[in-house]
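Asks: Sharing protein.csv below, CSV, C-alpha atoms:
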```csv
chain,number,residue,atom,x,y,z
W,1,MET,CA,0.0,0.0,0.0
W,2,ALA,CA,2.8,2.4,0.9
W,3,LYS,CA,4.5,1.9,-2.5
W,4,ALA,CA,1.2,2.4,-4.4
W,5,GLY,CA,0.7,5.8,-2.6
W,6,SER,CA,-3.0,5.6,-2.2
W,7,ARG,CA,-5.9,3.1,-1.8
W,8,ALA,CA,-7.1,3.9,-5.3
W,9,ALA,CA,-3.7,3.2,-6.8
W,10,PHE,CA,-3.3,0.0,-4.8
W,11,ARG,CA,-6.8,-1.2,-5.9
W,12,GLU,CA,-5.8,-0.5,-9.5
W,13,VAL,CA,-2.8,-2.8,-9.3
W,14,VAL,CA,-4.2,-5.5,-7.0
W,15,TYR,CA,-7.8,-5.6,-8.3
W,16,VAL,CA,-8.5,-3.8,-11.5
W,17,LEU,CA,-5.5,-4.9,-13.6
W,18,PRO,CA,-5.7,-8.6,-12.7
W,19,LEU,CA,-9.4,-8.7,-13.3
W,20,GLN,CA,-9.0,-7.0,-16.7
W,21,PHE,CA,-6.3,-9.5,-17.5
W,22,ALA,CA,-8.6,-12.4,-16.6
W,23,ILE,CA,-11.5,-11.0,-18.6
W,24,ALA,CA,-9.2,-10.5,-21.6
W,25,ALA,CA,-7.7,-14.0,-21.3
W,26,GLU,CA,-11.2,-15.7,-21.2
W,27,SER,CA,-12.4,-13.6,-24.1
W,28,CYS,CA,-9.4,-14.8,-26.1
W,29,GLY,CA,-10.3,-18.5,-25.4
W,30,ALA,CA,-8.4,-19.3,-22.1
W,31,ARG,CA,-10.4,-21.9,-20.2
W,32,THR,CA,-7.9,-22.3,-17.3
W,33,MET,CA,-6.7,-19.6,-14.9
W,34,ALA,CA,-4.5,-19.5,-11.8
W,35,LEU,CA,-4.4,-16.5,-9.5
W,36,VAL,CA,-2.4,-15.5,-6.4
W,37,THR,CA,-4.3,-13.6,-3.7
W,38,ALA,CA,-3.5,-13.7,0.0
W,39,ILE,CA,-4.1,-15.5,3.2
W,40,GLY,CA,-7.4,-14.2,4.7
W,41,ALA,CA,-8.8,-12.9,1.5
W,42,SER,CA,-12.5,-12.2,2.0
W,43,VAL,CA,-15.1,-9.8,0.7
W,44,ASP,CA,-16.2,-9.4,4.3
W,45,SER,CA,-12.9,-8.5,5.7
W,46,ARG,CA,-12.5,-5.3,7.8
W,47,PHE,CA,-9.1,-4.9,6.3
W,48,PHE,CA,-8.8,-3.1,2.9
W,49,TYR,CA,-6.0,-5.4,1.6
W,50,ALA,CA,-7.8,-8.7,2.4
W,51,ARG,CA,-11.1,-7.3,1.3
W,52,THR,CA,-9.7,-6.2,-2.1
W,53,LYS,CA,-8.1,-9.6,-2.6
W,54,GLY,CA,-11.4,-11.3,-1.7
W,55,GLU,CA,-13.3,-9.1,-4.2
W,56,LEU,CA,-10.8,-10.1,-6.9
W,57,GLU,CA,-11.4,-13.8,-6.1
W,58,ARG,CA,-15.1,-13.3,-6.3
W,59,ASP,CA,-15.1,-11.5,-9.6
W,60,VAL,CA,-12.6,-13.8,-11.3
W,61,GLN,CA,-14.7,-16.8,-10.2
W,62,ALA,CA,-17.7,-15.1,-11.9
W,63,ILE,CA,-16.0,-15.0,-15.3
W,64,GLY,CA,-16.6,-18.7,-15.6
W,65,PHE,CA,-13.2,-20.4,-16.3
W,66,GLN,CA,-13.5,-24.1,-16.7
W,67,SER,CA,-10.6,-24.5,-14.3
W,68,LEU,CA,-9.6,-21.8,-11.7
W,69,THR,CA,-7.0,-22.2,-9.0
W,70,ILE,CA,-6.6,-19.5,-6.4
W,71,VAL,CA,-3.4,-19.7,-4.3
W,72,ARG,CA,-3.6,-18.0,-0.9
W,73,PRO,CA,0.0,-17.8,0.5
W,74,SER,CA,1.1,-16.3,3.7
W,75,SER,CA,4.1,-14.0,3.5
W,76,ILE,CA,6.1,-14.7,0.3
W,77,GLU,CA,9.8,-15.5,0.5
W,78,GLY,CA,12.0,-14.8,-2.5
W,79,GLN,CA,14.4,-12.5,-4.2
W,80,ARG,CA,13.2,-8.9,-4.7
W,81,ASN,CA,14.8,-5.9,-6.5
W,82,GLU,CA,13.6,-3.7,-3.6
W,83,ARG,CA,13.7,-3.8,0.1
W,84,ARG,CA,10.5,-3.7,2.2
W,85,PHE,CA,11.0,-3.2,5.9
W,86,GLY,CA,8.2,-5.5,7.1
W,87,GLU,CA,9.0,-8.2,4.6
W,88,SER,CA,12.6,-8.2,5.6
W,89,ILE,CA,11.8,-8.9,9.2
W,90,VAL,CA,9.2,-11.6,8.7
W,91,PRO,CA,11.6,-14.2,7.3
W,92,ARG,CA,14.0,-13.7,10.2
W,93,ILE,CA,11.3,-14.1,12.8
W,94,SER,CA,9.8,-17.0,10.9
W,95,LYS,CA,13.1,-18.9,10.8
W,96,VAL,CA,13.2,-18.8,14.6
W,97,LEU,CA,9.5,-19.3,15.3
W,98,GLY,CA,8.7,-21.4,12.2
W,99,PRO,CA,8.5,-24.8,13.9
W,100,THR,CA,6.0,-23.4,16.4
W,101,LEU,CA,3.8,-21.5,14.0
W,102,PRO,CA,0.7,-23.1,12.5
W,103,LYS,CA,1.5,-24.2,9.0
W,104,LYS,CA,-0.9,-21.7,7.5
W,105,PHE,CA,1.2,-18.8,8.9
W,106,ARG,CA,4.6,-20.1,7.7
W,107,ILE,CA,6.4,-18.3,4.9
W,108,SER,CA,5.5,-19.5,1.4
W,109,ALA,CA,8.5,-19.8,-0.9
W,110,ALA,CA,8.0,-18.0,-4.3
W,111,GLN,CA,9.3,-21.1,-6.0
W,112,SER,CA,6.5,-23.3,-4.3
W,113,ILE,CA,3.9,-20.8,-5.3
W,114,ALA,CA,5.1,-20.8,-9.0
W,115,GLU,CA,5.1,-24.6,-9.0
W,116,ALA,CA,1.5,-24.7,-7.6
W,117,LEU,CA,0.3,-22.2,-10.3
W,118,THR,CA,2.0,-24.1,-13.1
W,119,ASP,CA,0.8,-27.5,-11.9
W,120,SER,CA,-2.8,-26.3,-11.6
W,121,VAL,CA,-2.8,-24.8,-15.1
W,122,VAL,CA,-1.3,-27.9,-16.7
W,123,ALA,CA,-3.7,-30.2,-14.8
W,124,GLY,CA,-6.7,-28.0,-15.7
W,125,LEU,CA,-9.0,-29.8,-13.2
W,126,PRO,CA,-12.6,-28.6,-13.7
W,127,GLY,CA,-14.0,-26.2,-11.0
W,128,CYS,CA,-12.5,-23.7,-8.6
W,129,HIS,CA,-9.7,-24.9,-6.4
W,130,PHE,CA,-8.0,-23.2,-3.5
W,131,ARG,CA,-4.4,-23.8,-2.4
W,132,PHE,CA,-3.5,-22.5,1.0
W,133,ALA,CA,-0.1,-21.7,2.5
W,134,GLU,CA,0.1,-25.0,4.4
W,135,SER,CA,-0.1,-26.9,1.0
W,136,LEU,CA,2.8,-24.9,-0.3
W,137,LEU,CA,5.4,-26.1,2.3
```
Would it be possible to restate this file's structure as structure tokens?
Replies:
Amino acid sequence: MAKAGSRAAFREVVYVLPLQFAIAAESCGARTMALVTAIGASVDSRFFYARTKGELERDVQAIGFQSLTIVRPSSIEGQRNERRFGESIVPRISKVLGPTLPKKFRISAAQSIAEALTDSVVAGLPGCHFRFAESLL
């Protein structure tokens, strides 16, 4: 949110652009879609971030893909070209507390998320499927 500069700019990147992409892909014949949202995504969330992700999930589901996989990771671990204060602390804390944390709150490796997305598109199982952080370990 801080990098976007405003809620409107954040919503553009997190909701509007992915939804437009999904609509365009389906209109060009795509029948399978995979999407990354976030742990706790819900249209009923009190938190703007989780609510926006939940709205995206709802609206992409309404497009009608034959196969849709929604991946909801916890914090994502991987290389970045930029430094984010909060995201630099979470991996350190998680390494110490990781074994005691519930699996759904453990860090999700970017590589595991990418593999889950690829596998789901290749498999193309009919319906809507959710993959949660604990299945990405």
Asks: Residues near region 7-19 of chain W, anyone? I mean within 12 Å using all atoms listed in the file, not counting same-chain ones fewer than 4 positions away, as number ranges by chain.
Replies: W: 1-3, 23-26, 33-38, 47-63
Asks: Measure the distance from CA of Leu68 (chain W) to CA of Asp44 (chain W) in Å and round it to one decimal.
Replies: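 So the answer is 21.3 Å.
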Asks: Dump as a PyMOL selection string all residues having an atom at most 7 Å from (8.3, -25.6, -2.2), computed in the file's coordinates with only C-alpha atoms.
Replies: chain W and resi 109+111-112+136-137
Asks: Please, what distance in Å, to one decimal, runs between CA of Ala133 (chain W) and CA of Ser42 (chain W)?
Replies: 15.6 Å
Asks: Can you list, as a count of residues only, every protein, DNA or RNA residue that comes within 12 Å of Val122 (chain W) when you count only C-alpha atoms, leaving out same-chain residues fewer than 5 positions away?
Replies: 10
Asks: Record the distance separating CA of Ala30 (chain W) and CA of Arg72 (chain W), expressed in Å with one decimal.
Replies: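 Going from CA of Ala30 (chain W) over to CA of Arg72 (chain W) covers 21.8 Å.
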Asks: With all atoms listed in the file as the basis for distance, which of W:Val43, W:Phe130, W:Gly5, W:Gly124 is at the shortest distance from Pro73 (chain W)?
Replies: W:Phe130
Asks: Measuring atom to atom with all atoms listed in the file, identify which of W:Val71, W:Ala22, W:Cys28, W:Ala4 is nearest to Ala110 (chain W).
Replies: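 With all atoms listed in the file as the atom set, the closest residue is W:Val71.
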